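*Asks:* Please read through the structure below; I'll follow up with questions.
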2 protein chains.
Amino acid sequence: SRCTMGRAMGLAGLLLGLVVVPAVLVSTSLRHGAPRTEAEPEPSGWELAAADAVPEDSLWPLPQWVRMYSRQLQLAPSRFQLVHGAGSSAGPGCGLLQDAFRRYYEYMFGHSRRRTRGRRPLAARAEPELFQLQVVIEAGDPGCDRHPQLTSSEAYHLTVTEPVAILKAYEVWGALRGLETFSQLVHEDDYGSFLVNESEINDFPRFAHRGVLLDTSRHYLPLKSILTNLDAMAFNKFNVLHWHIVDDQSFPYQSIYFPALSDKGAYSSNLIYTPTDVRLVIEYARLRGIRVIPEFDTPGHTQSWGKGQKDLLTPCYNGGQPTGSFGPVNPVWNTTYDFMTKFFKEISSVFPDEFIHLGGDEVDFSCWKSNPEVKEFMKKQGFGTDYAKLESYYVQNILDIVSSYNKGQMVWQEVFDHKAQLKPDTVVQVWMANNYAHELSSVTGAGFTTVLSAPWYLDYISYGQDWKKYYSVEPLNFLGSEKQKKLVIGGEACLWGEFVDATNLTPRLWPRASAVGERLWSSSNVTNLQDAYKRLTNHRCRML
Amino acid sequence: SRCTMGRAMGLAGLLLGLVVVPAVLVSTSLRHGAPRTEAEPEPSGWELAAADAVPEDSLWPLPQWVRMYSRQLQLAPSRFQLVHGAGSSAGPGCGLLQDAFRRYYEYMFGHSRRRTRGRRPLAARAEPELFQLQVVIEAGDPGCDRHPQLTSSEAYHLTVTEPVAILKAYEVWGALRGLETFSQLVHEDDYGSFLVNESEINDFPRFAHRGVLLDTSRHYLPLKSILTNLDAMAFNKFNVLHWHIVDDQSFPYQSIYFPALSDKGAYSSNLIYTPTDVRLVIEYARLRGIRVIPEFDTPGHTQSWGKGQKDLLTPCYNGGQPTGSFGPVNPVWNTTYDFMTKFFKEISSVFPDEFIHLGGDEVDFSCWKSNPEVKEFMKKQGFGTDYAKLESYYVQNILDIVSSYNKGQMVWQEVFDHKAQLKPDTVVQVWMANNYAHELSSVTGAGFTTVLSAPWYLDYISYGQDWKKYYSVEPLNFLGSEKQKKLVIGGEACLWGEFVDATNLTPRLWPRASAVGERLWSSSNVTNLQDAYKRLTNHRCRML
């Protein structure tokens, strides 16, 4: 790809905070159908949070506070080092940072090493040299061997001055974000020299939960696709992989206690995720500061469960006779809860994240309504004909089971709407597009934390630059108190898998999801579409 | 990809014409969001043209006439040969066929050679062996060194019986289509054995012009993307690459006479197609029986031409003064026609196809209207204020120039609508979605041949299985005589490049364009969506 052209020129049009330079035309083959040269958008409409700098041409998502100087430093790939700085609680024993150092060195210089020969000597340039990026972790426990969590600190402070740059973060998670930002600052000029502007950046996420949902049930996704997506997530400072791992269509999760679930419920015997695969995903994500929240959606969306686990789903009836087909999980039998107790014990131990997503969406009541045993149970429980109460009864039991394993819970909004008794720390995910602002008001009004995904269903495609639509969403634009707004802990870009597999996942999700990434990371007043377009164009090139 | 599973099972559910076998469940990970097992659709709604056979599970596009027997033959990759048959006018000196033999051998067996070891011996199966596919070209001149053209014969007749299969075609172009079909008949069973059913196929295209439009101006497409697309086209029996090579946004065609056009008008100096690149595309296409029709669209869509060729575009005026911006090609200066004479002389010689596409769409008259010289010229010519007449005047001149080089012409529908005097053999391409049936009536009513692309703008994307929409188009569904219907020579799937580059071209175009491919090749009564879905699913796996 010729995106290196975009990369090389990414900073040519740099607008400086302290020194005014003339605006430069940006030329790139990636302007979607637009003329190839166009004037810089006026910076007048722009306000950078708590800073008098104007934004730089290539950072994505835009940091909270950026000051950039006109003075450029030069990096020599053969000499430049990413190292642990003085006073850091992390050292060479911190595998997570060592891995990140190697990775970001590759991102910055890797593509150029192959053509190093014949490059003119460094001395040909007048710029002073930047020799190191020193990374300093300030917390007593840097967190090298831990998993990221909702309350992890991702803040960092980066100063780039001669002769060394310093990246300070409280925990390793902030260092990962800062490394990404630093790598975005480094650019290659037309002659193959690597340059970085002296600068200072103070950065932290606006929202703590910034997720991408992948669905591996409608189509199986090979491990490689999932890992590639985790790379892309890190480039955009996402920190949650919401793994919608099973559904009606297939059950690719290979359970340790119940291997029949994937033996019978997967598309085929090798379209599965073995325990080793799952560990690999979790570790690959961890190294990038990404949590993996698995979703095991019940009681609906469970057709594939029924193949390997008899007597789990509700037999549907017609005219007093079983039809041979099955509905949602059977909520009336004790065996159901025995199974779920054991199953979620495994899940709680396999997935280290403190949260499990329990689903609970789109439960179709018609099969329950047809089943005499269920009807009898409804009567006994005094539910009348309100099957939402039965659903809540079921969900309640599952929530209690999962709570007993000390796991927090995420659920789709219906679980809240149908008035299940939720634990106070339950995260309610708002997904229904219709009047989601009202739902955010209700959920937060009831005191629950929430994650918004309704406006970010990226499996819905349309012609043209729909990223603008995703970008323009303001998650806190709903009626509610300051306290309610604080309960919005983040959002998720969802890529449901009905029409997605390994052949189209990457170009369908990226860079569209990048729009969501910036919305969830950057300051609320970072809304200028022209500026975003320019930065996103360069960011896309860099990702390619 | 696990599509080999789909491939292996593609023929398991074979419905036979002469022997009834029980319907078998088809399992594949590629059912988009549908349950993974589903019963075969009833064959009752189906009618196969001129045959009592029911369709086979994997052929795409469906041949005109298929008879398939239950008897299976076995192919041993180490022994099976594609050879020239007795009486063929083509022999080992026919590079085109030799290349095709090698290619189709690879498609059929190539992926399996790597795991040949440890396979049980052939004798373990009871089936008799098929030893050869003998290809017989019947025309005196087989056409090995020629280029395909509109009037080429693509018909073929294929019989698969023990011990040899015979593929007869009048010209090599038909042999290429038959080789594709034969390769689609060969399938691998669960044990790695290659099988083919005894069968007889008589096949020919419904329409002679079956095209895919690629746009290399809005985004540059690397050569590799274009070649990959030519492969996919051959898999779907497309035979025209409509190369929309330049446009407003960039001029990647490197001209021999006018190198400044790409020097100044391309996105960058290496985002171009050199004469060598162009020859490679043409030859790669030729070897697959695909014509390359270049489009050099004028007088509109030419902003990029103006960068490297001064005094070609019309200077726009405002308040009596030139604004510094430019409109369409200037139709009043002689220098314009001098340039075009020389330019199209080159194009006529570089591109061997008998047709050149001259564009002529979407001419914006506002700049012409502003220009005093143009207004003066309008007056002198007696055009009044009818700028469509000026457009026709210009197009007329270009048509005459190109005719003088013995090239046929394709134009977009506006050229016809604006009443230019067209040569009788001009092909009018109908692209406007609004009431295209009426346009087909008008164009054919005036006696012109036409190519339909209006319902097949594949750059317009939407959620879900839009291939059904493309598939369900009936090109001859317009008011007109039999004679008029015969003037519809085919259609094109158009992938405009505003939002397409190498990163998303393949998954965006395929297999959606396959729907158009079958519509243009197969009999008009091949319209059953359920059957098409089943075959297309298998075909997609095979393409992957």
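Each chain in the structure tokens gets a letter, A, B and so on, in the order shown; residues start at 1 in every chain, and ligands are counted from 1 in the order they appear.
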Could you find all residues in segment 169-243 of chain A that DSSP calls strand (DSSP E or B) from the backbone, and write them as a JSON list (two decimals) with all heavy atoms, in the first residue's frame?
*Replies:*
[["chain", "number", "residue", "atom", "x", "y", "z"],
["A", 169, "ALA", "N", 3.64, 6.94, 33.80],
["A", 169, "ALA", "CA", 2.29, 6.43, 34.00],
["A", 169, "ALA", "C", 2.21, 5.81, 35.39],
["A", 169, "ALA", "O", 3.22, 5.33, 35.91],
["A", 169, "ALA", "CB", 1.95, 5.39, 32.93],
["A", 187, "HIS", "N", 7.40, 10.12, 12.84],
["A", 187, "HIS", "CA", 7.05, 10.04, 11.42],
["A", 187, "HIS", "C", 8.32, 10.01, 10.58],
["A", 187, "HIS", "O", 9.40, 10.41, 11.02],
["A", 187, "HIS", "CB", 6.15, 11.20, 11.03],
["A", 187, "HIS", "CG", 6.74, 12.54, 11.35],
["A", 187, "HIS", "ND1", 6.75, 13.06, 12.64],
["A", 187, "HIS", "CD2", 7.35, 13.46, 10.58],
["A", 187, "HIS", "CE1", 7.33, 14.25, 12.63],
["A", 187, "HIS", "NE2", 7.71, 14.52, 11.40],
["A", 188, "GLU", "N", 8.15, 9.53, 9.37],
["A", 188, "GLU", "CA", 9.29, 9.35, 8.48],
["A", 188, "GLU", "C", 9.20, 10.44, 7.42],
["A", 188, "GLU", "O", 8.14, 10.67, 6.86],
["A", 188, "GLU", "CB", 9.17, 7.96, 7.84],
["A", 188, "GLU", "CG", 10.46, 7.39, 7.33],
["A", 188, "GLU", "CD", 10.27, 5.98, 6.77],
["A", 188, "GLU", "OE1", 9.24, 5.34, 7.07],
["A", 188, "GLU", "OE2", 11.13, 5.54, 6.01],
["A", 194, "PHE", "N", 13.64, 9.48, 10.49],
["A", 194, "PHE", "CA", 12.55, 9.44, 11.46],
["A", 194, "PHE", "C", 12.63, 10.67, 12.34],
["A", 194, "PHE", "O", 13.69, 10.96, 12.93],
["A", 194, "PHE", "CB", 12.65, 8.16, 12.30],
["A", 194, "PHE", "CG", 12.38, 6.94, 11.48],
["A", 194, "PHE", "CD1", 13.40, 6.23, 10.89],
["A", 194, "PHE", "CD2", 11.06, 6.52, 11.26],
["A", 194, "PHE", "CE1", 13.15, 5.12, 10.12],
["A", 194, "PHE", "CE2", 10.80, 5.41, 10.50],
["A", 194, "PHE", "CZ", 11.85, 4.70, 9.91],
["A", 195, "LEU", "N", 11.52, 11.35, 12.43],
["A", 195, "LEU", "CA", 11.48, 12.63, 13.14],
["A", 195, "LEU", "C", 10.35, 12.63, 14.16],
["A", 195, "LEU", "O", 9.33, 11.95, 13.99],
["A", 195, "LEU", "CB", 11.28, 13.78, 12.15],
["A", 195, "LEU", "CG", 12.35, 13.93, 11.07],
["A", 195, "LEU", "CD1", 11.93, 14.95, 10.04],
["A", 195, "LEU", "CD2", 13.68, 14.32, 11.72],
["A", 196, "VAL", "N", 10.57, 13.44, 15.20],
["A", 196, "VAL", "CA", 9.49, 13.66, 16.16],
["A", 196, "VAL", "C", 9.59, 15.11, 16.61],
["A", 196, "VAL", "O", 10.70, 15.64, 16.77],
["A", 196, "VAL", "CB", 9.59, 12.66, 17.34],
["A", 196, "VAL", "CG1", 10.87, 12.88, 18.15],
["A", 196, "VAL", "CG2", 8.37, 12.74, 18.25],
["A", 197, "ASN", "N", 8.47, 15.75, 16.79],
["A", 197, "ASN", "CA", 8.49, 17.11, 17.29],
["A", 197, "ASN", "C", 8.62, 17.11, 18.80],
["A", 197, "ASN", "O", 8.01, 16.27, 19.48],
["A", 197, "ASN", "CB", 7.21, 17.85, 16.91],
["A", 197, "ASN", "CG", 7.21, 18.29, 15.47],
["A", 197, "ASN", "OD1", 7.19, 17.45, 14.58],
["A", 197, "ASN", "ND2", 7.25, 19.59, 15.25],
["A", 198, "GLU", "N", 9.36, 18.04, 19.32],
["A", 198, "GLU", "CA", 9.34, 18.21, 20.77],
["A", 198, "GLU", "C", 7.90, 18.50, 21.19],
["A", 198, "GLU", "O", 7.19, 19.29, 20.55],
["A", 198, "GLU", "CB", 10.28, 19.35, 21.19],
["A", 198, "GLU", "CG", 11.75, 18.95, 21.04],
["A", 198, "GLU", "CD", 12.68, 19.83, 21.86],
["A", 198, "GLU", "OE1", 12.35, 21.01, 22.09],
["A", 198, "GLU", "OE2", 13.72, 19.33, 22.28],
["A", 199, "SER", "N", 7.49, 17.85, 22.25],
["A", 199, "SER", "CA", 6.08, 17.99, 22.61],
["A", 199, "SER", "C", 5.84, 17.53, 24.04],
["A", 199, "SER", "O", 6.69, 16.88, 24.66],
["A", 199, "SER", "CB", 5.21, 17.18, 21.64],
["A", 199, "SER", "OG", 5.75, 15.91, 21.42],
["A", 200, "GLU", "N", 4.68, 17.87, 24.51],
["A", 200, "GLU", "CA", 4.27, 17.44, 25.83],
["A", 200, "GLU", "C", 2.81, 17.03, 25.75],
["A", 200, "GLU", "O", 1.98, 17.76, 25.18],
["A", 200, "GLU", "CB", 4.44, 18.58, 26.84],
["A", 200, "GLU", "CG", 4.07, 18.15, 28.25],
["A", 200, "GLU", "CD", 4.25, 19.28, 29.27],
["A", 200, "GLU", "OE1", 4.69, 20.37, 28.87],
["A", 200, "GLU", "OE2", 3.94, 19.06, 30.44],
["A", 201, "ILE", "N", 2.51, 15.88, 26.28],
["A", 201, "ILE", "CA", 1.14, 15.36, 26.19],
["A", 201, "ILE", "C", 0.71, 14.84, 27.55],
["A", 201, "ILE", "O", 1.45, 14.10, 28.21],
["A", 201, "ILE", "CB", 1.03, 14.24, 25.12],
["A", 201, "ILE", "CG1", 1.20, 14.85, 23.72],
["A", 201, "ILE", "CG2", -0.28, 13.49, 25.24],
["A", 201, "ILE", "CD1", 1.16, 13.84, 22.60],
["A", 202, "ASN", "N", -0.46, 15.26, 27.94],
["A", 202, "ASN", "CA", -1.06, 14.77, 29.17],
["A", 202, "ASN", "C", -2.38, 14.12, 28.80],
["A", 202, "ASN", "O", -3.23, 14.76, 28.19],
["A", 202, "ASN", "CB", -1.28, 15.93, 30.15],
["A", 202, "ASN", "CG", -1.52, 15.42, 31.55],
["A", 202, "ASN", "OD1", -1.09, 14.33, 31.90],
["A", 202, "ASN", "ND2", -2.23, 16.21, 32.35],
["A", 203, "ASP", "N", -2.53, 12.87, 29.14],
["A", 203, "ASP", "CA", -3.65, 12.16, 28.53],
["A", 203, "ASP", "C", -4.27, 11.15, 29.47],
["A", 203, "ASP", "O", -3.58, 10.57, 30.33],
["A", 203, "ASP", "CB", -3.16, 11.45, 27.25],
["A", 203, "ASP", "CG", -4.30, 11.12, 26.29],
["A", 203, "ASP", "OD1", -5.42, 11.65, 26.48],
["A", 203, "ASP", "OD2", -4.07, 10.34, 25.35],
["A", 209, "HIS", "N", -14.67, 2.18, 30.02],
["A", 209, "HIS", "CA", -15.03, 0.95, 29.29],
["A", 209, "HIS", "C", -15.18, 1.31, 27.81],
["A", 209, "HIS", "O", -16.15, 1.96, 27.42],
["A", 209, "HIS", "CB", -16.34, 0.39, 29.87],
["A", 209, "HIS", "CG", -16.79, -0.88, 29.24],
["A", 209, "HIS", "ND1", -16.95, -2.05, 29.94],
["A", 209, "HIS", "CD2", -17.15, -1.17, 27.96],
["A", 209, "HIS", "CE1", -17.38, -3.01, 29.13],
["A", 209, "HIS", "NE2", -17.51, -2.49, 27.91],
["A", 210, "ARG", "N", -14.22, 0.90, 27.02],
["A", 210, "ARG", "CA", -14.24, 1.23, 25.59],
["A", 210, "ARG", "C", -14.09, -0.08, 24.81],
["A", 210, "ARG", "O", -12.98, -0.59, 24.63],
["A", 210, "ARG", "CB", -13.11, 2.22, 25.25],
["A", 210, "ARG", "CG", -13.16, 3.50, 26.12],
["A", 210, "ARG", "CD", -12.00, 4.46, 25.84],
["A", 210, "ARG", "NE", -10.72, 3.81, 25.88],
["A", 210, "ARG", "CZ", -10.05, 3.52, 27.01],
["A", 210, "ARG", "NH1", -10.58, 3.83, 28.20],
["A", 210, "ARG", "NH2", -8.90, 2.91, 26.96],
["A", 211, "GLY", "N", -15.22, -0.58, 24.34],
["A", 211, "GLY", "CA", -15.21, -1.95, 23.86],
["A", 211, "GLY", "C", -15.52, -2.15, 22.39],
["A", 211, "GLY", "O", -16.09, -1.29, 21.72],
["A", 212, "VAL", "N", -15.11, -3.31, 21.92],
["A", 212, "VAL", "CA", -15.50, -3.81, 20.60],
["A", 212, "VAL", "C", -16.13, -5.18, 20.81],
["A", 212, "VAL", "O", -15.54, -6.03, 21.49],
["A", 212, "VAL", "CB", -14.29, -3.93, 19.65],
["A", 212, "VAL", "CG1", -14.65, -4.73, 18.40],
["A", 212, "VAL", "CG2", -13.75, -2.56, 19.27],
["A", 213, "LEU", "N", -17.32, -5.38, 20.27],
["A", 213, "LEU", "CA", -17.98, -6.68, 20.35],
["A", 213, "LEU", "C", -17.70, -7.46, 19.07],
["A", 213, "LEU", "O", -17.97, -6.99, 17.98],
["A", 213, "LEU", "CB", -19.49, -6.52, 20.55],
["A", 213, "LEU", "CG", -20.31, -7.83, 20.63],
["A", 213, "LEU", "CD1", -21.53, -7.64, 21.54],
["A", 213, "LEU", "CD2", -20.76, -8.31, 19.25],
["A", 214, "LEU", "N", -17.15, -8.64, 19.24],
["A", 214, "LEU", "CA", -17.02, -9.59, 18.12],
["A", 214, "LEU", "C", -17.93, -10.77, 18.38],
["A", 214, "LEU", "O", -18.07, -11.22, 19.52],
["A", 214, "LEU", "CB", -15.58, -10.08, 17.96],
["A", 214, "LEU", "CG", -14.54, -9.07, 17.48],
["A", 214, "LEU", "CD1", -13.22, -9.80, 17.21],
["A", 214, "LEU", "CD2", -14.99, -8.31, 16.25],
["A", 215, "ASP", "N", -18.51, -11.28, 17.32],
["A", 215, "ASP", "CA", -19.49, -12.36, 17.40],
["A", 215, "ASP", "C", -18.89, -13.56, 16.67],
["A", 215, "ASP", "O", -18.71, -13.53, 15.46],
["A", 215, "ASP", "CB", -20.78, -11.86, 16.72],
["A", 215, "ASP", "CG", -21.80, -12.95, 16.43],
["A", 215, "ASP", "OD1", -21.58, -14.11, 16.82],
["A", 215, "ASP", "OD2", -22.82, -12.61, 15.80],
["A", 240, "VAL", "N", -11.64, -3.08, 25.87],
["A", 240, "VAL", "CA", -12.50, -4.23, 26.19],
["A", 240, "VAL", "C", -12.83, -5.00, 24.91],
["A", 240, "VAL", "O", -13.36, -4.42, 23.95],
["A", 240, "VAL", "CB", -13.83, -3.80, 26.85],
["A", 240, "VAL", "CG1", -14.74, -5.02, 27.04],
["A", 240, "VAL", "CG2", -13.59, -3.10, 28.18],
["A", 241, "LEU", "N", -12.51, -6.28, 24.88],
["A", 241, "LEU", "CA", -13.06, -7.15, 23.85],
["A", 241, "LEU", "C", -14.28, -7.85, 24.45],
["A", 241, "LEU", "O", -14.15, -8.67, 25.36],
["A", 241, "LEU", "CB", -12.04, -8.20, 23.40],
["A", 241, "LEU", "CG", -12.60, -9.28, 22.45],
["A", 241, "LEU", "CD1", -13.07, -8.67, 21.13],
["A", 241, "LEU", "CD2", -11.58, -10.38, 22.19],
["A", 242, "HIS", "N", -15.45, -7.48, 23.96],
["A", 242, "HIS", "CA", -16.68, -8.14, 24.37],
["A", 242, "HIS", "C", -16.84, -9.33, 23.42],
["A", 242, "HIS", "O", -17.18, -9.15, 22.25],
["A", 242, "HIS", "CB", -17.84, -7.15, 24.25],
["A", 242, "HIS", "CG", -19.19, -7.73, 24.54],
["A", 242, "HIS", "ND1", -20.28, -6.94, 24.84],
["A", 242, "HIS", "CD2", -19.66, -9.00, 24.58],
["A", 242, "HIS", "CE1", -21.35, -7.70, 25.04],
["A", 242, "HIS", "NE2", -21.00, -8.95, 24.87],
["A", 243, "TRP", "N", -16.56, -10.52, 23.92],
["A", 243, "TRP", "CA", -16.52, -11.72, 23.08],
["A", 243, "TRP", "C", -17.86, -12.43, 23.15],
["A", 243, "TRP", "O", -18.11, -13.19, 24.07],
["A", 243, "TRP", "CB", -15.39, -12.62, 23.52],
["A", 243, "TRP", "CG", -15.04, -13.73, 22.56],
["A", 243, "TRP", "CD1", -15.69, -14.06, 21.42],
["A", 243, "TRP", "CD2", -13.94, -14.63, 22.67],
["A", 243, "TRP", "NE1", -15.07, -15.12, 20.81],
["A", 243, "TRP", "CE2", -14.00, -15.49, 21.55],
["A", 243, "TRP", "CE3", -12.91, -14.80, 23.60],
["A", 243, "TRP", "CZ2", -13.07, -16.51, 21.36],
["A", 243, "TRP", "CZ3", -12.00, -15.82, 23.40],
["A", 243, "TRP", "CH2", -12.07, -16.66, 22.27]]
*Asks:* I need the residues of segment 238-422 of chain B that end up classed as alpha helix (DSSP H) by DSSP on the backbone, written out as number ranges by chain.
*Replies:* B: 260-265, 275-286, 303-308, 334-350, 366-370, 372-381, 387-404, 413-417
*Asks:* Please write the residues from the selection above to a file, keeping C-alpha atoms, as a PDB file, in the first residue's frame.
*Replies:*
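Now in selection-v4.pdb:
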ATOM      1  CA  ALA B 260       2.894  14.668 -18.187  1.00  0.00           C
ATOM      2  CA  LEU B 261      -0.694  13.473 -17.795  1.00  0.00           C
ATOM      3  CA  SER B 262       0.280  10.932 -15.134  1.00  0.00           C
ATOM      4  CA  ASP B 263       3.364  12.819 -13.959  1.00  0.00           C
ATOM      5  CA  LYS B 264       1.102  15.642 -12.865  1.00  0.00           C
ATOM      6  CA  GLY B 265      -2.286  13.981 -12.687  1.00  0.00           C
ATOM      7  CA  PRO B 275       2.829   0.541 -20.412  1.00  0.00           C
ATOM      8  CA  THR B 276       4.210  -2.708 -18.997  1.00  0.00           C
ATOM      9  CA  ASP B 277       1.498  -2.819 -16.328  1.00  0.00           C
ATOM     10  CA  VAL B 278      -1.194  -2.246 -18.917  1.00  0.00           C
ATOM     11  CA  ARG B 279       0.170  -4.984 -21.160  1.00  0.00           C
ATOM     12  CA  LEU B 280       0.275  -7.349 -18.197  1.00  0.00           C
ATOM     13  CA  VAL B 281      -3.365  -6.682 -17.339  1.00  0.00           C
ATOM     14  CA  ILE B 282      -4.404  -7.192 -20.952  1.00  0.00           C
ATOM     15  CA  GLU B 283      -2.476 -10.450 -21.284  1.00  0.00           C
ATOM     16  CA  TYR B 284      -3.610 -11.812 -17.923  1.00  0.00           C
ATOM     17  CA  ALA B 285      -7.178 -11.037 -18.970  1.00  0.00           C
ATOM     18  CA  ARG B 286      -6.743 -12.532 -22.436  1.00  0.00           C
ATOM     19  CA  GLN B 303     -10.061  17.494 -13.803  1.00  0.00           C
ATOM     20  CA  SER B 304      -6.950  15.334 -13.498  1.00  0.00           C
ATOM     21  CA  TRP B 305      -6.237  15.665 -17.243  1.00  0.00           C
ATOM     22  CA  GLY B 306      -5.858  19.401 -16.848  1.00  0.00           C
ATOM     23  CA  LYS B 307      -2.883  19.084 -14.546  1.00  0.00           C
ATOM     24  CA  GLY B 308      -0.578  17.628 -17.177  1.00  0.00           C
ATOM     25  CA  ASN B 334      -8.746  23.071 -32.362  1.00  0.00           C
ATOM     26  CA  THR B 335      -5.905  22.227 -29.996  1.00  0.00           C
ATOM     27  CA  THR B 336      -8.338  20.069 -28.036  1.00  0.00           C
ATOM     28  CA  TYR B 337      -9.018  17.911 -31.059  1.00  0.00           C
ATOM     29  CA  ASP B 338      -5.337  17.821 -32.019  1.00  0.00           C
ATOM     30  CA  PHE B 339      -4.585  16.463 -28.572  1.00  0.00           C
ATOM     31  CA  MET B 340      -7.425  13.974 -28.629  1.00  0.00           C
ATOM     32  CA  THR B 341      -6.438  12.745 -32.090  1.00  0.00           C
ATOM     33  CA  LYS B 342      -2.974  11.904 -30.906  1.00  0.00           C
ATOM     34  CA  PHE B 343      -4.105  10.626 -27.504  1.00  0.00           C
ATOM     35  CA  PHE B 344      -6.697   8.235 -28.864  1.00  0.00           C
ATOM     36  CA  LYS B 345      -4.265   7.054 -31.525  1.00  0.00           C
ATOM     37  CA  GLU B 346      -2.119   5.828 -28.664  1.00  0.00           C
ATOM     38  CA  ILE B 347      -5.040   4.326 -26.777  1.00  0.00           C
ATOM     39  CA  SER B 348      -6.259   2.546 -29.910  1.00  0.00           C
ATOM     40  CA  SER B 349      -2.921   0.914 -30.301  1.00  0.00           C
ATOM     41  CA  VAL B 350      -2.198   0.140 -26.633  1.00  0.00           C
ATOM     42  CA  SER B 366     -22.071  25.684 -15.784  1.00  0.00           C
ATOM     43  CA  CYS B 367     -18.426  26.368 -16.652  1.00  0.00           C
ATOM     44  CA  TRP B 368     -19.102  26.284 -20.371  1.00  0.00           C
ATOM     45  CA  LYS B 369     -21.953  28.738 -19.774  1.00  0.00           C
ATOM     46  CA  SER B 370     -19.591  31.122 -17.985  1.00  0.00           C
ATOM     47  CA  PRO B 372     -17.178  33.990 -23.279  1.00  0.00           C
ATOM     48  CA  GLU B 373     -15.393  32.033 -26.008  1.00  0.00           C
ATOM     49  CA  VAL B 374     -17.710  29.108 -25.554  1.00  0.00           C
ATOM     50  CA  LYS B 375     -20.733  31.389 -25.665  1.00  0.00           C
ATOM     51  CA  GLU B 376     -19.434  32.996 -28.849  1.00  0.00           C
ATOM     52  CA  PHE B 377     -18.953  29.542 -30.346  1.00  0.00           C
ATOM     53  CA  MET B 378     -22.502  28.517 -29.377  1.00  0.00           C
ATOM     54  CA  LYS B 379     -23.840  31.543 -31.230  1.00  0.00           C
ATOM     55  CA  LYS B 380     -21.738  30.869 -34.313  1.00  0.00           C
ATOM     56  CA  GLN B 381     -22.857  27.250 -34.443  1.00  0.00           C
ATOM     57  CA  TYR B 387     -25.471  23.130 -24.224  1.00  0.00           C
ATOM     58  CA  ALA B 388     -26.408  19.509 -24.846  1.00  0.00           C
ATOM     59  CA  LYS B 389     -25.867  20.399 -28.494  1.00  0.00           C
ATOM     60  CA  LEU B 390     -22.358  21.610 -27.698  1.00  0.00           C
ATOM     61  CA  GLU B 391     -21.715  18.399 -25.796  1.00  0.00           C
ATOM     62  CA  SER B 392     -22.919  16.398 -28.780  1.00  0.00           C
ATOM     63  CA  TYR B 393     -20.738  18.486 -31.071  1.00  0.00           C
ATOM     64  CA  TYR B 394     -17.732  17.603 -28.949  1.00  0.00           C
ATOM     65  CA  VAL B 395     -18.623  13.926 -28.616  1.00  0.00           C
ATOM     66  CA  GLN B 396     -19.244  13.751 -32.352  1.00  0.00           C
ATOM     67  CA  ASN B 397     -15.718  14.888 -33.005  1.00  0.00           C
ATOM     68  CA  ILE B 398     -14.285  12.364 -30.592  1.00  0.00           C
ATOM     69  CA  LEU B 399     -16.390   9.583 -32.095  1.00  0.00           C
ATOM     70  CA  ASP B 400     -15.102  10.486 -35.536  1.00  0.00           C
ATOM     71  CA  ILE B 401     -11.507  10.475 -34.311  1.00  0.00           C
ATOM     72  CA  VAL B 402     -11.855   7.081 -32.675  1.00  0.00           C
ATOM     73  CA  SER B 403     -13.734   5.650 -35.647  1.00  0.00           C
ATOM     74  CA  SER B 404     -10.862   6.629 -37.866  1.00  0.00           C
ATOM     75  CA  GLN B 413     -26.408   6.872 -21.922  1.00  0.00           C
ATOM     76  CA  GLU B 414     -26.296  10.697 -21.850  1.00  0.00           C
ATOM     77  CA  VAL B 415     -24.518  10.701 -25.190  1.00  0.00           C
ATOM     78  CA  PHE B 416     -27.553   8.996 -26.694  1.00  0.00           C
ATOM     79  CA  ASP B 417     -30.009  11.053 -24.648  1.00  0.00           C
TER      80      ASP B 417
END
*Asks:* Please, what distance in Å, to one decimal, runs between atom CA of Leu495 of chain B and atom CA of Leu509 of chain B?
*Replies:*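 Spanning atom CA of Leu495 of chain B to atom CA of Leu509 of chain B is a straight-line distance of 7.1 Å.
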*Asks:* What separation in Å, quoted to one decimal, exists between atom CA of Gly289 of chain A and atom CA of Asp459 of chain A?
*Replies:*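 Computed distance, atom CA of Gly289 of chain A to atom CA of Asp459 of chain A, equals 24.9 Å.
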*Asks:* May I ask which of the residues A:Glu474, A:Asp248, A:Glu362, A:Asp141 is the closest one to chain B, counting only C-alpha atoms?
*Replies:*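 The answer is A:Asp248, which sits nearest to chain B.
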